[in-house]
Amino acid sequence: MGDYLANLNPEQLKAVTLPRESALILAGAGSGKTRVLTTRIAHLIQSGQASPAGILAVTFTNKAAKEMLTRLSAMLPINVRGMWVGTFHGICNRLLRTHHRDAALPQLFQILDSGDQQSLIKRLAKSQGMDDEKFPPRQMQNFINNCKEAGLRANAVEAGDDFTRRMVAFYADYDAQCNREGVVDFAELLLRTFELLAKNLNLLTHYQERFKYILVDEFQDTNKLQYKWIKMLAGSNGCVFAVGDDDQSIYRFRGAEVGNMNDFVRDFAVEHVVKLEQNYRSQGHILDAANAIIAKNKARLGKNLWTSEGKGEQLRVFAAATDSEEAQYIVDEVKQLHREGMPMNEIALLYRSNAQSRVLEHALFRARLPYKVYGGLRFFERMEVKHALAYLRLAGNPDDDSAFTRVVNFPARGVGARSVEQLQEAVEQGIKPSLMSAARAGVVSGRSGTAIAQFIAIIDLLRTASENLRLPELIEEVLERSNLAAHYAAERDGQDRVENLHELVNAATLFAEEFEHGETPAGEAEADVAPVGTHQQQVLAAFLSHASLEAGEHEAAAGADALQLMTVHSSKGLEFHAVFVSGLEEGLFPHDNSMNEDGGLEEERRLMYVAITRARKRLYVTYAGTRMLHGQPRYGMVSRFVDEIPAELCKWIVLPERAQTRWNSGASSNSSWGSGGGRAPQADPDRYATAPRAKFELERPDAHPFAIGQNVQHAKFGEGVVLNFEGRGLDARIQVRFKTDGTKWLALQYAKLTAA
DNA sequence: TGTACTTAAGTTTTT
DNA sequence: CTTAAGTACA
C-alpha cells in the first residue's frame, strides 16, 4: 500500500479502503472529507481496482472540483485528466455536447444562467400578455425549476387548479422557446442528460460500464433529480461512494433533499455507513458547543464530533445594546487579535443575512480595517460583461433571442421598443423562427429598419470573425464593433466597466490557453464525435459555457490580507482561526421567515452548527438588543441558539466602561449590566432589550402601558419584547415578539401582560 | 432615449 | 435605510 494511506485515522482508512460496494460516509465538519474522497480515488487507481477512465467524481461547486483535481495530481503520478471530476452541471454539459444529436440539441447550444433565464421568462410572459402581478416572473422561474428538478416535463405535471394549469402551459411554452433558441438552463442540463440516458439504453450501458466508481461530494445537498441521475448512472452494478453530512444540510430552500441519504442507504443496500467524527479543525469547547446545539435536532442520522486537541478557549458571548455597539465590539476585538499576530484573513465575520453586513462594514471602514465582503456580483454576472457576452453569443448562434434583445439596442442605436415588438410579433405568428431572422427579413422598415440593418451588419461581421479569429482577438473585435468600449469610456462612472471589459479579454486569453492544452473538460470531446464549426468556434462555445457555469469568484480582490465578511451559508466549507457569529437574535437567526416552514427551525439550527464549526481557535457569539432594520429600529430577543450553548462553554463579555454608560442612560431598572463574574446574570433575556425610548415617547405622548422595546411577560406565551402598537383605548392592540412562540398581535384589553 | 422621480419590498444561493 | 424596478417627463 502506498504511503498515501499513512496518517489516516481508522475510520478514514476504512472509508478509503472499502471494497467495491456502495457506501455512505457521514463526514462531520472538519473531519477530512475531501482528503478521504481524493485518497479513495487515488487508492482505487493505485491498487489497480480502477483505471482513471473508470472514475466519475461529482461535486456541487467548481471550487470543490478544482480542489479535488489539485490534490489528486499531487497524489498520483499519472495524468489526472482521464477521470471525470466536475460539477453535476459541468458533467452534464459535457455529456450533452458529446451526444447533442441524441439529446436533440445544437452542438453549440448555449447555457442560460439564472439571470438569463429570468429575462427569457419575462420576455415570454410579456409577449403572452400575462399579468405579472398574478404571475410574478420570479415565481414562474421557481415553478419551472422545481418541476425540472423533480424530473417533470410540462406534460407530466398535474395541475389541480386554473392557476397551476396556466403555469404548466407557460412551462411548456418556455421549454419550446428554449428549444427554438438552442439554449439550455441549469436545471435543463440535468434533466436533459437524465432523459438522454434514460432513452438511450446503449449510451446508458456504455457509461454504466465505464464509470465503475462514482463518488459524490456534499451528498446532503443533492436534489431529487440529481439523486435519480446518480441512481440511473450507477445501474444495478454500480458503486457509489457518497460523502455528506446531514447536519450541514442548509440548502433545502433550493431543492436539496437530505432524505436522499436515507434513500441511498435503502436503494443501494448500503452495508457500511462510515462516520468520520474526529475533527481536525476546532478546539474542544467549540466542538462541544456545536455538538450541544445540533443535538437539539430530532431528524438526524447521529454523529458527535471530537478532537484529540485540548479544550481551548471558551466561547466569548457578547450582548450589545445596539447593532453599532456590536459592530464596535467586533472591531475592537479584531484589532486586538491582529495586534496579537493573527492574520486578518484568518478572521471571519459571519451573519445570517446580507443586510447585516452594512453596520459591520461601516464600523470597519471607520476603523480603517481592511475587509472583503463575499456575495456581490460575480465577474461574468456584471452588466457590461453580459453585454459583451451577448454579442459573442449572437456571433455563435443568431437564434439566441435573449442575447438579441439584450444588445439589439445597446449601446443605443435607435432601435426602439416598438421595433422589437414588431420582430416579436413576426416570431409569434410563426413567420420567422427567431428575432434575428425576422430582423433579416426586413420586418421593420424606416429609420429603425436602418438601425437594425446596422446591427445585423455588426453581428455578421463578428460571425465571420469568429470562424478564424482567436478568442481574445474576437472579443477585442466585439468591444470595438459593438461600440461597447467607447460607450462605457464616455460614461461618467464607466471606468470600472471599461476595466472589466479589458479583464474579459484577459480571461479569454487565459481560457484559450488552457483550452488548447486540453485542460478544460470541454476541450476533450469524445473521439467518435465530429465537431461542428471551426476550431475557433469550438473555443468560443466552450468559453460561453464556462462563463455560464463558472461565473467567477464571489469575492472582490483576492490575495489581500483582509477580514472576511460573509453569510453563514457562504462560509460552509471554509475555516478560520477566529470567527464572529453576529446578530444572534430571535427573528434574525433563527430567521422569522424560516419558522413558518416545517423543519425550518432545524435547518436554522444546522446553519448555526455550520457557523460554529468554522472556527479553529476562537469563537465569538454576539447579539444586539436594538438593530436598525429597514430604516426602523427593531428590538430583538437573544436567539434560542445562544441559550442552547451550555453555560460552562461560554465566557460572557462585559465591558466595564460601556456598562457604566448603560446604567446612566436610563435603561429599565431591572437591567443587570455591569454585574460580572462567571455567566453573568445578563444571560437572562431581559437584559438586552433595553432600547432607548425617549424618541418614541416624544412622538407618541399618549403612552401605552408598555413601551416599544420593553420586556413583558405573558401568562401563556412567556417572555417577549414589545414591537409595536396599533389603535387606541379599548381597541388597542400590541405586537409582541415572544421568545418561543414567535411574533403575535394581542388585544391589549385582554392580554395578561406584565412588565418583566 | 435618457434621466429623475416614485414605489415597494427586503433570508439563505450554486450551477 | 437601500435598492431595484417602474413611470413620468424633457
# chains A, B, ... in the order shown; residues from 1 in each chain; ligands from 1

$ interface_residues --of "chain C" --to "chain A" --cutoff "12 Å" --atoms "only C-alpha atoms (C1' of nucleotides)" --output "PyMOL selection string"
chain C and resi 1-3

$ interface_residues --of "chain B" --to "chain A" --cutoff "12 Å" --atoms "only C-alpha atoms (C1' of nucleotides)" --output "ChimeraX atom specification"
/B:1-2,9-15

$ atom_distance --atom1 "CA of Ala256 in chain A" --atom2 "CA of Gln220 in chain A"
7.0 Å

$ residues_around --residues "DC9 in chain C" --least-positions-apart "3" --cutoff "10 Å" --atoms "only C-alpha atoms (C1' of nucleotides)" --output "mmCIF file with N, CA, C and O atoms (P, O5', C5', C4', C3', O3' and C1' of nucleotides), in the first residue's frame"
data_model
loop_
_atom_site.group_PDB
_atom_site.id
_atom_site.type_symbol
_atom_site.label_atom_id
_atom_site.label_comp_id
_atom_site.auth_asym_id
_atom_site.auth_seq_id
_atom_site.Cartn_x
_atom_site.Cartn_y
_atom_site.Cartn_z
ATOM 1 P P DT B 3 -28.582 59.364 -18.771
ATOM 2 O "O5'" DT B 3 -29.410 60.286 -17.762
ATOM 3 C "C5'" DT B 3 -29.798 61.607 -18.181
ATOM 4 C "C4'" DT B 3 -30.998 62.046 -17.371
ATOM 5 C "C3'" DT B 3 -30.862 61.831 -15.854
ATOM 6 O "O3'" DT B 3 -31.292 63.009 -15.199
ATOM 7 C "C1'" DT B 3 -32.872 60.913 -16.622
ATOM 8 P P DA B 4 -30.812 63.293 -13.720
ATOM 9 O "O5'" DA B 4 -32.212 63.474 -12.991
ATOM 10 C "C5'" DA B 4 -33.187 64.382 -13.500
ATOM 11 C "C4'" DA B 4 -34.508 64.044 -12.858
ATOM 12 C "C3'" DA B 4 -34.404 63.757 -11.355
ATOM 13 O "O3'" DA B 4 -35.457 64.428 -10.675
ATOM 14 C "C1'" DA B 4 -35.454 61.960 -12.443
ATOM 15 P P DC B 5 -35.430 64.617 -9.105
ATOM 16 O "O5'" DC B 5 -36.738 63.828 -8.655
ATOM 17 C "C5'" DC B 5 -38.000 64.195 -9.208
ATOM 18 C "C4'" DC B 5 -38.898 62.979 -9.243
ATOM 19 C "C3'" DC B 5 -39.157 62.369 -7.865
ATOM 20 O "O3'" DC B 5 -40.478 62.683 -7.438
ATOM 21 C "C1'" DC B 5 -38.790 60.711 -9.562
#

$ atom_distance --atom1 "CA of Glu473 in chain A" --atom2 "CA of Gly182 in chain A"
25.4 Å

$ select_by_dssp --residues "range 435-624 of chain A" --states "helix (DSSP H, G or I)" --output "PyMOL selection string"
chain A and resi 435-440+446-468+471-481+484-490+495-516+521-523+535-549+568-571+592-595+600-612

$ residues_around --residues "Gln283 in chain A" --least-positions-apart "2" --cutoff "6 Å" --atoms "only C-alpha atoms (C1' of nucleotides)" --output "list in words"
His285, Ile286, Lys311, Gly312 and Lys617 of chain A

$ select_by_dssp --residues "range 548-593 of chain A" --states "strand (DSSP E or B)" --output "JSON, numbers by chain"
{"A": [563, 564, 565, 566, 567, 576, 577, 578, 579, 580, 581, 585, 587, 588, 591]}

$ write_last_selection --atoms "N, CA and C atoms" --output "mmCIF file, in the first residue's frame"
data_model
loop_
_atom_site.group_PDB
_atom_site.id
_atom_site.type_symbol
_atom_site.label_atom_id
_atom_site.label_comp_id
_atom_site.auth_asym_id
_atom_site.auth_seq_id
_atom_site.Cartn_x
_atom_site.Cartn_y
_atom_site.Cartn_z
ATOM 1 N N LEU A 563 -9.996 41.069 6.391
ATOM 2 C CA LEU A 563 -11.032 40.402 7.150
ATOM 3 C C LEU A 563 -12.070 39.814 6.192
ATOM 4 N N GLN A 564 -12.644 38.676 6.548
ATOM 5 C CA GLN A 564 -13.584 38.021 5.646
ATOM 6 C C GLN A 564 -15.012 38.178 6.167
ATOM 7 N N LEU A 565 -15.840 38.848 5.393
ATOM 8 C CA LEU A 565 -17.250 39.027 5.767
ATOM 9 C C LEU A 565 -18.127 38.200 4.838
ATOM 10 N N MET A 566 -19.000 37.411 5.411
ATOM 11 C CA MET A 566 -19.884 36.604 4.556
ATOM 12 C C MET A 566 -21.079 36.073 5.343
ATOM 13 N N THR A 567 -22.069 35.603 4.614
ATOM 14 C CA THR A 567 -23.193 34.956 5.279
ATOM 15 C C THR A 567 -22.745 33.594 5.780
ATOM 16 N N PHE A 576 -11.482 29.249 9.776
ATOM 17 C CA PHE A 576 -10.734 30.435 10.189
ATOM 18 C C PHE A 576 -10.239 30.255 11.614
ATOM 19 N N HIS A 577 -9.152 30.958 11.938
ATOM 20 C CA HIS A 577 -8.679 30.915 13.317
ATOM 21 C C HIS A 577 -9.723 31.490 14.252
ATOM 22 N N ALA A 578 -10.252 32.632 13.865
ATOM 23 C CA ALA A 578 -11.245 33.286 14.720
ATOM 24 C C ALA A 578 -12.504 33.595 13.918
ATOM 25 N N VAL A 579 -13.635 33.322 14.544
ATOM 26 C CA VAL A 579 -14.910 33.554 13.862
ATOM 27 C C VAL A 579 -15.842 34.345 14.772
ATOM 28 N N PHE A 580 -16.469 35.342 14.205
ATOM 29 C CA PHE A 580 -17.516 36.075 14.903
ATOM 30 C C PHE A 580 -18.844 35.697 14.267
ATOM 31 N N VAL A 581 -19.748 35.181 15.074
ATOM 32 C CA VAL A 581 -21.105 34.958 14.557
ATOM 33 C C VAL A 581 -21.970 36.053 15.167
ATOM 34 N N GLU A 585 -30.142 36.956 17.183
ATOM 35 C CA GLU A 585 -31.397 37.404 17.767
ATOM 36 C C GLU A 585 -32.545 36.603 17.179
ATOM 37 N N GLY A 587 -35.679 35.819 15.346
ATOM 38 C CA GLY A 587 -36.259 36.505 14.199
ATOM 39 C C GLY A 587 -35.232 36.773 13.119
ATOM 40 N N LEU A 588 -33.988 36.857 13.557
ATOM 41 C CA LEU A 588 -32.916 37.092 12.607
ATOM 42 C C LEU A 588 -32.140 35.787 12.409
ATOM 43 N N HIS A 591 -34.145 32.867 11.550
ATOM 44 C CA HIS A 591 -34.866 33.877 10.813
ATOM 45 C C HIS A 591 -36.363 33.624 10.862
#

$ residues_around --residues "range 72-76 of chain A" --least-positions-apart "3" --cutoff "9 Å" --atoms "only C-alpha atoms (C1' of nucleotides)" --output "number ranges by chain"
A: 4, 38-39, 41-42, 45-46, 67-69, 79-80

$ residues_around --residues "Phe109 in chain A" --least-positions-apart "3" --cutoff "7 Å" --atoms "only C-alpha atoms (C1' of nucleotides)" --output "PyMOL selection string"
chain A and resi 105-106+182-183

$ write_last_selection --atoms "C-alpha atoms" --output "tab-separated table (two decimals), in the first residue's frame"
chain	number	residue	atom	x	y	z
A	105	LEU	CA	-29.59	19.97	-29.18
A	106	PRO	CA	-27.33	22.00	-31.41
A	182	GLY	CA	-30.96	26.46	-28.80
A	183	VAL	CA	-30.40	27.41	-25.18

$ atom_distance --atom1 "CA of Asp102 in chain A" --atom2 "CA of Val184 in chain A"
15.1 Å

$ residues_around --residues "Pro433 in chain A" --least-positions-apart "2" --cutoff "10 Å" --atoms "only C-alpha atoms (C1' of nucleotides)" --output "list in words"
Gln177, Arg180, Glu181, Asp399, Asp401, Gln424, Ala426, Val427, Glu428, Gln429, Gly430, Ile431, Leu435, Met436, Ser437 and Ala438 of chain A
